[in-house]
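> Just query.cif, nothing more (mmCIF, C-alpha atoms):
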data_my_file
#
loop_
_atom_site.label_atom_id
_atom_site.label_comp_id
_atom_site.auth_asym_id
_atom_site.auth_seq_id
_atom_site.Cartn_x
_atom_site.Cartn_y
_atom_site.Cartn_z
CA MET A 1 78.08 -26.27 -6.17
CA GLU A 2 79.81 -29.58 -6.81
CA TYR A 3 83.52 -30.24 -7.21
CA LYS A 4 86.05 -32.90 -8.15
CA ILE A 5 89.80 -32.96 -7.55
CA HIS A 6 91.69 -34.67 -10.37
CA GLY A 7 95.25 -35.96 -10.39
CA THR A 8 97.81 -36.83 -7.75
CA VAL A 9 100.92 -34.62 -7.90
CA MET A 10 99.78 -31.89 -10.32
CA GLN A 11 96.14 -31.69 -9.29
CA ALA A 12 93.26 -29.78 -10.84
CA LEU A 13 90.10 -28.57 -9.09
CA GLU A 14 86.99 -28.82 -11.27
CA ILE A 15 83.91 -27.00 -9.96
CA GLN A 16 80.37 -27.25 -11.32
CA LEU A 17 78.32 -24.09 -10.71
CA GLY A 18 74.55 -23.88 -10.91
CA GLN A 19 72.89 -20.78 -12.31
CA GLY A 20 73.56 -17.80 -10.04
CA GLU A 21 76.22 -19.58 -7.98
CA SER A 22 79.49 -17.70 -7.45
CA LEU A 23 83.01 -18.17 -6.14
CA TYR A 24 86.08 -15.97 -6.01
CA THR A 25 89.81 -16.46 -6.44
CA GLU A 26 93.00 -14.45 -6.67
CA SER A 27 93.60 -12.62 -9.92
CA GLY A 28 94.87 -15.06 -12.56
CA GLY A 29 93.86 -18.14 -10.57
CA MET A 30 91.51 -19.65 -13.18
CA ALA A 31 92.86 -22.25 -15.64
CA TRP A 32 89.84 -22.90 -17.93
CA MET A 33 86.04 -22.62 -17.92
CA THR A 34 82.99 -23.19 -20.10
CA ASP A 35 80.82 -20.55 -21.75
CA GLY A 36 78.24 -18.75 -19.66
CA ILE A 37 80.37 -17.83 -16.64
CA ASP A 38 80.59 -14.11 -15.85
CA MET A 39 83.93 -12.73 -14.58
CA GLN A 40 84.17 -9.63 -12.37
CA THR A 41 87.47 -8.37 -10.91
CA GLY A 42 87.73 -5.89 -8.03
CA THR A 43 89.24 -5.19 -4.62
CA LYS A 44 86.44 -7.10 -2.77
CA GLY A 45 86.01 -5.30 0.54
CA GLY A 46 87.85 -2.10 -0.29
CA ILE A 47 91.44 -0.88 -0.44
CA GLY A 48 92.22 -1.78 3.19
CA LYS A 49 91.30 -5.44 2.82
CA ALA A 50 93.02 -5.60 -0.57
CA LEU A 51 96.28 -4.35 0.96
CA GLY A 52 95.91 -6.89 3.75
CA ARG A 53 95.57 -9.68 1.21
CA MET A 54 98.75 -8.50 -0.53
CA PHE A 55 100.69 -8.80 2.73
CA SER A 56 99.33 -12.31 3.23
CA GLY A 57 100.56 -13.46 -0.18
CA GLU A 58 97.49 -12.96 -2.39
CA SER A 59 96.84 -10.52 -5.21
CA PHE A 60 95.50 -7.00 -4.65
CA PHE A 61 92.51 -7.82 -6.86
CA LEU A 62 90.16 -10.78 -6.55
CA THR A 63 88.02 -12.19 -9.35
CA THR A 64 84.47 -13.44 -8.84
CA TYR A 65 83.02 -16.01 -11.25
CA THR A 66 79.23 -16.36 -11.50
CA SER A 67 77.41 -18.91 -13.63
CA GLN A 68 74.79 -17.36 -15.92
CA VAL A 69 73.69 -20.76 -17.23
CA PRO A 70 72.07 -23.79 -15.52
CA GLN A 71 75.40 -25.62 -15.41
CA GLY A 72 78.84 -24.07 -15.78
CA MET A 73 82.27 -25.61 -15.22
CA ILE A 74 85.42 -23.83 -14.05
CA THR A 75 88.83 -25.34 -13.27
CA PHE A 76 91.66 -24.10 -11.07
CA THR A 77 95.20 -25.47 -10.90
CA PRO A 78 97.84 -24.94 -8.16
CA GLU A 79 101.03 -22.94 -8.60
CA SER A 80 103.30 -25.84 -7.59
CA PRO A 81 103.17 -29.64 -7.21
CA GLY A 82 101.16 -30.57 -4.15
CA LYS A 83 97.65 -31.12 -2.83
CA ILE A 84 94.36 -29.25 -3.03
CA ILE A 85 92.51 -29.37 0.32
CA PRO A 86 88.75 -28.63 0.52
CA LEU A 87 87.54 -26.90 3.69
CA ASN A 88 83.86 -27.02 4.59
CA LEU A 89 83.71 -24.20 7.13
CA PRO A 90 80.64 -23.78 9.38
CA ALA A 91 79.49 -20.27 10.24
CA GLY A 92 82.11 -18.51 12.40
CA HIS A 93 84.62 -21.36 12.10
CA SER A 94 88.10 -20.33 10.90
CA MET A 95 91.26 -21.94 9.59
CA ILE A 96 94.76 -20.43 9.73
CA CYS A 97 96.81 -21.08 6.58
CA GLN A 98 100.31 -20.34 5.44
CA LYS A 99 100.97 -17.36 3.20
CA ASP A 100 99.67 -17.82 -0.37
CA ALA A 101 97.70 -21.00 0.42
CA PHE A 102 94.28 -19.65 -0.64
CA MET A 103 92.99 -20.99 -3.95
CA CYS A 104 89.28 -20.14 -4.22
CA ALA A 105 86.11 -20.03 -2.12
CA GLN A 106 82.40 -19.43 -2.13
CA GLU A 107 81.32 -15.81 -1.79
CA SER A 108 80.22 -16.38 1.83
CA VAL A 109 83.77 -17.25 2.97
CA GLN A 110 85.85 -14.38 4.33
CA LEU A 111 89.57 -14.13 3.48
CA GLU A 112 91.78 -11.89 5.62
CA MET A 113 95.33 -11.69 6.90
CA HIS A 114 96.21 -13.11 10.30
CA PHE A 115 99.12 -12.08 12.52
CA ARG A 116 100.92 -14.55 14.71
CA LYS A 117 100.48 -13.38 18.28
CA LYS A 118 104.16 -13.58 19.12
CA ILE A 119 106.52 -11.57 16.91
CA GLY A 120 109.29 -14.11 17.47
CA ALA A 121 107.18 -16.78 15.82
CA GLY A 122 107.02 -14.64 12.72
CA LEU A 123 110.55 -13.28 12.62
CA PHE A 124 112.14 -16.71 12.99
CA GLY A 125 109.35 -19.01 11.85
CA GLY A 126 110.55 -19.39 8.28
CA GLU A 127 107.22 -18.41 6.71
CA GLY A 128 106.74 -14.92 8.21
CA PHE A 129 104.31 -13.68 10.84
CA ILE A 130 101.53 -12.71 8.40
CA LEU A 131 99.29 -15.67 7.60
CA GLN A 132 95.88 -16.15 5.99
CA LYS A 133 92.62 -16.64 7.84
CA LEU A 134 89.56 -18.20 6.20
CA THR A 135 86.23 -17.92 8.01
CA GLY A 136 82.93 -19.61 7.16
CA PRO A 137 80.22 -20.29 6.36
CA GLY A 138 81.05 -21.92 3.05
CA VAL A 139 83.48 -24.08 1.14
CA ALA A 140 87.04 -22.93 0.49
CA PHE A 141 90.00 -24.60 -1.18
CA VAL A 142 93.68 -24.24 -0.29
CA GLU A 143 96.78 -25.47 -2.09
CA ILE A 144 99.65 -27.00 -0.15
CA ALA A 145 103.04 -27.86 -1.63
CA GLY A 146 104.21 -31.48 -1.49
CA GLU A 147 102.35 -34.29 0.24
CA VAL A 148 100.16 -33.49 3.24
CA GLN A 149 99.77 -35.18 6.61
CA MET A 150 97.15 -34.15 9.17
CA VAL A 151 97.89 -34.57 12.88
CA GLU A 152 95.19 -34.11 15.53
CA LEU A 153 96.59 -32.91 18.85
CA GLN A 154 94.82 -33.49 22.14
CA ALA A 155 94.63 -30.76 24.79
CA GLY A 156 98.16 -30.03 26.02
CA GLN A 157 99.79 -32.36 23.48
CA ARG A 158 102.76 -30.75 21.73
CA LEU A 159 104.33 -31.26 18.34
CA LYS A 160 107.75 -29.86 17.40
CA VAL A 161 108.12 -29.03 13.72
CA ASP A 162 110.54 -27.34 11.35
CA PRO A 163 108.51 -24.14 10.90
CA GLY A 164 108.32 -24.29 7.11
CA HIS A 165 106.44 -27.58 7.26
CA ILE A 166 103.38 -26.10 8.99
CA ALA A 167 100.84 -25.50 6.22
CA MET A 168 97.60 -24.98 8.14
CA TYR A 169 96.14 -25.33 11.62
CA GLU A 170 92.97 -24.75 13.60
CA PRO A 171 92.81 -21.56 15.70
CA THR A 172 92.45 -23.63 18.87
CA CYS A 173 96.13 -24.61 18.52
CA ASN A 174 98.85 -22.51 20.14
CA TYR A 175 101.86 -21.75 17.93
CA ASP A 176 105.25 -20.76 19.34
CA ILE A 177 108.91 -20.70 18.27
CA GLN A 178 111.75 -21.98 20.43
CA MET A 179 115.50 -21.87 19.91
CA ILE A 180 117.27 -25.21 19.55
CA LYS A 181 119.55 -25.92 22.48
CA GLY A 182 123.24 -26.70 22.04
CA VAL A 183 125.94 -25.01 19.95
CA MET A 184 126.71 -28.18 18.00
CA ASN A 185 123.04 -28.54 17.09
CA TRP A 186 123.16 -24.99 15.67
CA LEU A 187 126.35 -25.59 13.70
CA GLY A 188 125.88 -29.15 12.49
CA GLY A 189 122.25 -30.06 12.91
CA GLY A 190 121.18 -28.70 9.55
CA GLU A 191 117.75 -27.74 10.90
CA GLY A 192 118.32 -24.03 11.56
CA LEU A 193 118.28 -22.30 14.94
CA PHE A 194 114.57 -22.58 15.67
CA LEU A 195 111.79 -25.14 15.96
CA ALA A 196 108.07 -24.50 16.04
CA THR A 197 106.00 -25.93 18.87
CA VAL A 198 102.31 -26.47 18.20
CA THR A 199 100.18 -27.25 21.26
CA GLY A 200 96.71 -28.76 21.09
CA PRO A 201 93.83 -29.14 21.10
CA GLY A 202 93.31 -28.96 17.36
CA LYS A 203 94.34 -30.23 13.96
CA VAL A 204 97.58 -29.37 12.14
CA TRP A 205 98.28 -29.96 8.46
CA LEU A 206 101.96 -30.57 7.63
CA GLN A 207 103.56 -30.32 4.20
CA THR A 208 106.48 -32.47 3.05
CA MET A 209 108.03 -29.91 0.68
CA PRO A 210 107.89 -26.23 1.69
CA LEU A 211 108.43 -24.00 -1.34
CA SER A 212 111.20 -22.15 0.50
CA ASN A 213 113.13 -25.43 0.88
CA LEU A 214 112.58 -26.31 -2.78
CA ALA A 215 113.74 -22.87 -3.94
CA SER A 216 116.84 -23.09 -1.78
CA LYS A 217 117.72 -26.52 -3.19
CA LEU A 218 117.19 -25.46 -6.81
CA SER A 219 119.22 -22.27 -6.37
CA ARG A 220 122.37 -24.40 -6.00
CA TYR A 221 121.97 -25.57 -9.60
CA ILE A 222 121.09 -22.22 -11.15
CA SER A 223 123.97 -20.18 -12.49
CA ALA A 224 124.22 -16.68 -11.08
CA GLY A 225 124.74 -15.46 -14.64
#
Produce structure tokens that represent the structure in this file.


Amino acid sequence: MEYKIHGTVMQALEIQLGQGESLYTESGGMAWMTDGIDMQTGTKGGIGKALGRMFSGESFFLTTYTSQVPQGMITFTPESPGKIIPLNLPAGHSMICQKDAFMCAQESVQLEMHFRKKIGAGLFGGEGFILQKLTGPGVAFVEIAGEVQMVELQAGQRLKVDPGHIAMYEPTCNYDIQMIKGVMNWLGGGEGLFLATVTGPGKVWLQTMPLSNLASKLSRYISAG
């Protein structure tokens, strides 16, 4: 399998599949493809795993695409302006992603829902306590809204973040939610009541435009009627 990511703001992921090579995506995730690629839609793993995917922001059904010809091409596009991030996951290595980040992956990659260990982190974290977990071996692709900045934290190093800006992180990181101190900070700070604290070691991917922030901003200009 070979791939190219085209574009800057509205990116497209173009994947070249050799004969017999497969990948899967959420239902309706494909944009265009050449002749000779077989499409099979199902629950992939049974009803239980399908329900879990629904709670983590993906569709109940997943579609697997398999090339029946020596060289097939298939293209995926994200649901919003942002970046497509490739993840080359070794066997047993996982990545924790925000809800609805999954785009597509090789058949060997496992997609499942992931619960934040502390309920408070989910109830007040801005993006919910159900996340997505991708586990290798294989290549997976995620889509992240806005621009993306990766920060690598050393052991014990902490980063405080508006929770909606955390797009993805390594499982070695510890994620917690803390209330902002000071009444005036609550009333006039404009940042909400809570901040996320991510503690290393591990890498964290931050997004500049969470979809929840964008939706909130646009709602001011949309008539209720």

> To test your reading of the syntax: which residues would the PyMOL selection byres ((chain A and resi 25) around 12) return for the file shown? Reply as a PyMOL selection string.

chain A and resi 22-24+26-31+39-44+53+58-66+74-78+100-107+109-111+140-142

> In Å to one decimal, how far is atom CA of Leu153 of chain A from atom CA of Thr135 of chain A?

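It comes out at 21.2 Å.
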
> As an exercise, work out the distance from atom CA of Asp35 of chain A to atom CA of Ser108 of chain A in Å and give it to one decimal place.

24.0 Å

> In Å, with one decimal, what is the gap from atom CA of Tyr175 of chain A to atom CA of His114 of chain A?

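If I compute the distance from atom CA of Tyr175 of chain A to atom CA of His114 of chain A, I get 12.8 Å.
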
> Which residues fall under the PyMOL selection byres ((chain A and resi 208) around 9) in this file, as a ChimeraX atom specification?

/A:145-149,165,206-207,209-210

> How would you write, as a tab-separated table (two decimals) with C-alpha atoms, in the frame of the given file, the residues chosen by the PyMOL selection byres ((chain A and resi 156) around 8) on this structure?


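The resulting file, result_0.tsv, is shown below:
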chain	number	residue	atom	x	y	z
A	153	LEU	CA	96.59	-32.91	18.85
A	154	GLN	CA	94.82	-33.49	22.14
A	155	ALA	CA	94.63	-30.76	24.79
A	157	GLN	CA	99.79	-32.36	23.48
A	158	ARG	CA	102.76	-30.75	21.73
A	199	THR	CA	100.18	-27.25	21.26
A	200	GLY	CA	96.71	-28.76	21.09
A	201	PRO	CA	93.83	-29.14	21.10

> With 3 Å of padding per side, what axis-aligned box (centre and edge lengths, Å, one decimal) covers all the listed atoms of segment 23-26 of chain A? Give it as JSON.


{"center_x": 88.0, "center_y": -16.3, "center_z": -6.3, "size_x": 16.0, "size_y": 9.7, "size_z": 6.7}

> Using only C-alpha atoms, which of the listed residues (A:Asp38, A:Glu152, A:Asp162, A:Glu14) sits closest to Trp205 of chain A?

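Closest residue, counting only C-alpha atoms: A:Glu152.
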
> Once you count only C-alpha atoms, which residues end up no further than 9 Å from (73.0, -12.3, -11.7) in the file's frame, shown as an mmCIF file with C-alpha atoms, in the coordinates of the input?


data_model
loop_
_atom_site.group_PDB
_atom_site.id
_atom_site.type_symbol
_atom_site.label_atom_id
_atom_site.label_comp_id
_atom_site.auth_asym_id
_atom_site.auth_seq_id
_atom_site.Cartn_x
_atom_site.Cartn_y
_atom_site.Cartn_z
ATOM 1 C CA GLN A 19 72.890 -20.780 -12.310
ATOM 2 C CA GLY A 20 73.560 -17.800 -10.040
ATOM 3 C CA GLU A 21 76.220 -19.580 -7.980
ATOM 4 C CA ASP A 38 80.590 -14.110 -15.850
ATOM 5 C CA THR A 66 79.230 -16.360 -11.500
ATOM 6 C CA SER A 67 77.410 -18.910 -13.630
ATOM 7 C CA GLN A 68 74.790 -17.360 -15.920
#

> Pick out the residues sitting within 8 Å of Met1 of chain A, and hand them over as a VMD selection string; count all atoms listed in the file, and ignore anything fewer than 3 positions along from it in its own chain.

chain A and resid 15 to 18 21

> Measuring between only C-alpha atoms, which one of A:Glu143, A:Met150, A:Cys97, A:Tyr3 shows the shortest distance to Ile130 of chain A?

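The closest residue to Ile130 of chain A is A:Cys97.
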
> For a quick check of understanding, using only C-alpha atoms, which of A:Arg220, A:Ile144, A:Asn174, A:Glu112 has the smallest distance to Pro86 of chain A?

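For Pro86 of chain A, the nearest of the candidates is A:Ile144.
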
> Which protein, DNA or RNA residues have an atom at most 7 Å from (108.5, -22.5, 19.3), counting all atoms listed in the file? List them as a PDB file with C-alpha atoms, keeping the file's coordinate frame.


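Generated file (point_30.pdb):
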ATOM      1  CA  ALA A 121     107.180 -16.780  15.820  1.00  0.00           C
ATOM      2  CA  TYR A 175     101.860 -21.750  17.930  1.00  0.00           C
ATOM      3  CA  ASP A 176     105.250 -20.760  19.340  1.00  0.00           C
ATOM      4  CA  ILE A 177     108.910 -20.700  18.270  1.00  0.00           C
ATOM      5  CA  GLN A 178     111.750 -21.980  20.430  1.00  0.00           C
ATOM      6  CA  LEU A 195     111.790 -25.140  15.960  1.00  0.00           C
ATOM      7  CA  ALA A 196     108.070 -24.500  16.040  1.00  0.00           C
ATOM      8  CA  THR A 197     106.000 -25.930  18.870  1.00  0.00           C
TER       9      THR A 197
END

> Could you model N, CA and C atoms for segment 141-176 of chain A and present them as a PDB file, keeping the file's coordinate frame?


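What follows is the written file rebuild_29.pdb:
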ATOM      1  N   PHE A 141      88.974 -23.655  -0.739  1.00  0.00           N
ATOM      2  CA  PHE A 141      90.000 -24.600  -1.180  1.00  0.00           C
ATOM      3  C   PHE A 141      91.371 -23.952  -1.004  1.00  0.00           C
ATOM      4  N   VAL A 142      92.307 -24.720  -0.446  1.00  0.00           N
ATOM      5  CA  VAL A 142      93.680 -24.240  -0.290  1.00  0.00           C
ATOM      6  C   VAL A 142      94.620 -25.185  -1.023  1.00  0.00           C
ATOM      7  N   GLU A 143      95.765 -24.653  -1.427  1.00  0.00           N
ATOM      8  CA  GLU A 143      96.780 -25.470  -2.090  1.00  0.00           C
ATOM      9  C   GLU A 143      98.019 -25.536  -1.216  1.00  0.00           C
ATOM     10  N   ILE A 144      98.521 -26.751  -1.026  1.00  0.00           N
ATOM     11  CA  ILE A 144      99.650 -27.000  -0.150  1.00  0.00           C
ATOM     12  C   ILE A 144     100.723 -27.750  -0.930  1.00  0.00           C
ATOM     13  N   ALA A 145     101.952 -27.263  -0.858  1.00  0.00           N
ATOM     14  CA  ALA A 145     103.040 -27.860  -1.630  1.00  0.00           C
ATOM     15  C   ALA A 145     103.445 -29.215  -1.039  1.00  0.00           C
ATOM     16  N   GLY A 146     103.773 -30.167  -1.929  1.00  0.00           N
ATOM     17  CA  GLY A 146     104.210 -31.480  -1.490  1.00  0.00           C
ATOM     18  C   GLY A 146     103.046 -32.355  -1.040  1.00  0.00           C
ATOM     19  N   GLU A 147     103.368 -33.437  -0.363  1.00  0.00           N
ATOM     20  CA  GLU A 147     102.350 -34.290   0.240  1.00  0.00           C
ATOM     21  C   GLU A 147     101.900 -33.664   1.561  1.00  0.00           C
ATOM     22  N   VAL A 148     100.743 -34.092   2.043  1.00  0.00           N
ATOM     23  CA  VAL A 148     100.160 -33.490   3.240  1.00  0.00           C
ATOM     24  C   VAL A 148      99.826 -34.568   4.263  1.00  0.00           C
ATOM     25  N   GLN A 149     100.144 -34.294   5.512  1.00  0.00           N
ATOM     26  CA  GLN A 149      99.770 -35.180   6.610  1.00  0.00           C
ATOM     27  C   GLN A 149      99.072 -34.367   7.693  1.00  0.00           C
ATOM     28  N   MET A 150      97.900 -34.836   8.119  1.00  0.00           N
ATOM     29  CA  MET A 150      97.150 -34.150   9.170  1.00  0.00           C
ATOM     30  C   MET A 150      97.386 -34.849  10.511  1.00  0.00           C
ATOM     31  N   VAL A 151      97.686 -34.058  11.530  1.00  0.00           N
ATOM     32  CA  VAL A 151      97.890 -34.570  12.880  1.00  0.00           C
ATOM     33  C   VAL A 151      96.879 -33.889  13.797  1.00  0.00           C
ATOM     34  N   GLU A 152      96.147 -34.677  14.571  1.00  0.00           N
ATOM     35  CA  GLU A 152      95.190 -34.110  15.530  1.00  0.00           C
ATOM     36  C   GLU A 152      95.798 -34.179  16.924  1.00  0.00           C
ATOM     37  N   LEU A 153      95.980 -33.017  17.524  1.00  0.00           N
ATOM     38  CA  LEU A 153      96.590 -32.910  18.850  1.00  0.00           C
ATOM     39  C   LEU A 153      95.510 -32.834  19.923  1.00  0.00           C
ATOM     40  N   GLN A 154      95.714 -33.577  20.999  1.00  0.00           N
ATOM     41  CA  GLN A 154      94.820 -33.490  22.140  1.00  0.00           C
ATOM     42  C   GLN A 154      95.210 -32.272  22.995  1.00  0.00           C
ATOM     43  N   ALA A 155      94.358 -31.905  23.921  1.00  0.00           N
ATOM     44  CA  ALA A 155      94.630 -30.760  24.790  1.00  0.00           C
ATOM     45  C   ALA A 155      95.956 -30.946  25.524  1.00  0.00           C
ATOM     46  N   GLY A 156      96.864 -29.973  25.361  1.00  0.00           N
ATOM     47  CA  GLY A 156      98.160 -30.030  26.020  1.00  0.00           C
ATOM     48  C   GLY A 156      99.214 -30.824  25.268  1.00  0.00           C
ATOM     49  N   GLN A 157      98.820 -31.578  24.249  1.00  0.00           N
ATOM     50  CA  GLN A 157      99.790 -32.360  23.480  1.00  0.00           C
ATOM     51  C   GLN A 157     100.575 -31.434  22.572  1.00  0.00           C
ATOM     52  N   ARG A 158     101.892 -31.649  22.493  1.00  0.00           N
ATOM     53  CA  ARG A 158     102.760 -30.750  21.730  1.00  0.00           C
ATOM     54  C   ARG A 158     103.429 -31.487  20.577  1.00  0.00           C
ATOM     55  N   LEU A 159     103.645 -30.745  19.510  1.00  0.00           N
ATOM     56  CA  LEU A 159     104.330 -31.260  18.340  1.00  0.00           C
ATOM     57  C   LEU A 159     105.406 -30.259  17.940  1.00  0.00           C
ATOM     58  N   LYS A 160     106.655 -30.741  17.804  1.00  0.00           N
ATOM     59  CA  LYS A 160     107.750 -29.860  17.400  1.00  0.00           C
ATOM     60  C   LYS A 160     108.036 -30.070  15.919  1.00  0.00           C
ATOM     61  N   VAL A 161     108.076 -28.965  15.178  1.00  0.00           N
ATOM     62  CA  VAL A 161     108.120 -29.030  13.720  1.00  0.00           C
ATOM     63  C   VAL A 161     109.095 -27.997  13.177  1.00  0.00           C
ATOM     64  N   ASP A 162     109.827 -28.353  12.133  1.00  0.00           N
ATOM     65  CA  ASP A 162     110.540 -27.340  11.350  1.00  0.00           C
ATOM     66  C   ASP A 162     109.485 -26.362  10.840  1.00  0.00           C
ATOM     67  N   PRO A 163     109.609 -25.072  11.140  1.00  0.00           N
ATOM     68  CA  PRO A 163     108.510 -24.140  10.900  1.00  0.00           C
ATOM     69  C   PRO A 163     107.952 -24.126   9.481  1.00  0.00           C
ATOM     70  N   GLY A 164     108.791 -24.329   8.478  1.00  0.00           N
ATOM     71  CA  GLY A 164     108.320 -24.290   7.110  1.00  0.00           C
ATOM     72  C   GLY A 164     107.366 -25.400   6.735  1.00  0.00           C
ATOM     73  N   HIS A 165     107.289 -26.438   7.567  1.00  0.00           N
ATOM     74  CA  HIS A 165     106.440 -27.580   7.260  1.00  0.00           C
ATOM     75  C   HIS A 165     105.008 -27.419   7.784  1.00  0.00           C
ATOM     76  N   ILE A 166     104.733 -26.342   8.497  1.00  0.00           N
ATOM     77  CA  ILE A 166     103.380 -26.100   8.990  1.00  0.00           C
ATOM     78  C   ILE A 166     102.584 -25.386   7.907  1.00  0.00           C
ATOM     79  N   ALA A 167     101.610 -26.072   7.322  1.00  0.00           N
ATOM     80  CA  ALA A 167     100.840 -25.500   6.220  1.00  0.00           C
ATOM     81  C   ALA A 167      99.533 -24.873   6.687  1.00  0.00           C
ATOM     82  N   MET A 168      98.923 -25.447   7.724  1.00  0.00           N
ATOM     83  CA  MET A 168      97.600 -24.980   8.140  1.00  0.00           C
ATOM     84  C   MET A 168      97.294 -25.552   9.521  1.00  0.00           C
ATOM     85  N   TYR A 169      96.527 -24.809  10.321  1.00  0.00           N
ATOM     86  CA  TYR A 169      96.140 -25.330  11.620  1.00  0.00           C
ATOM     87  C   TYR A 169      94.860 -24.646  12.097  1.00  0.00           C
ATOM     88  N   GLU A 170      94.185 -25.310  13.028  1.00  0.00           N
ATOM     89  CA  GLU A 170      92.970 -24.750  13.600  1.00  0.00           C
ATOM     90  C   GLU A 170      93.334 -23.677  14.631  1.00  0.00           C
ATOM     91  N   PRO A 171      92.495 -22.654  14.774  1.00  0.00           N
ATOM     92  CA  PRO A 171      92.810 -21.560  15.700  1.00  0.00           C
ATOM     93  C   PRO A 171      92.888 -21.982  17.159  1.00  0.00           C
ATOM     94  N   THR A 172      92.365 -23.154  17.490  1.00  0.00           N
ATOM     95  CA  THR A 172      92.450 -23.630  18.870  1.00  0.00           C
ATOM     96  C   THR A 172      93.876 -24.039  19.250  1.00  0.00           C
ATOM     97  N   CYS A 173      94.734 -24.237  18.258  1.00  0.00           N
ATOM     98  CA  CYS A 173      96.130 -24.610  18.520  1.00  0.00           C
ATOM     99  C   CYS A 173      96.931 -23.363  18.917  1.00  0.00           C
ATOM    100  N   ASN A 174      97.913 -23.570  19.762  1.00  0.00           N
ATOM    101  CA  ASN A 174      98.850 -22.510  20.140  1.00  0.00           C
ATOM    102  C   ASN A 174     100.165 -22.733  19.403  1.00  0.00           C
ATOM    103  N   TYR A 175     100.653 -21.674  18.760  1.00  0.00           N
ATOM    104  CA  TYR A 175     101.860 -21.750  17.930  1.00  0.00           C
ATOM    105  C   TYR A 175     102.955 -20.907  18.571  1.00  0.00           C
ATOM    106  N   ASP A 176     104.133 -21.494  18.758  1.00  0.00           N
ATOM    107  CA  ASP A 176     105.250 -20.760  19.340  1.00  0.00           C
ATOM    108  C   ASP A 176     106.548 -21.216  18.681  1.00  0.00           C
TER     109      ASP A 176
END
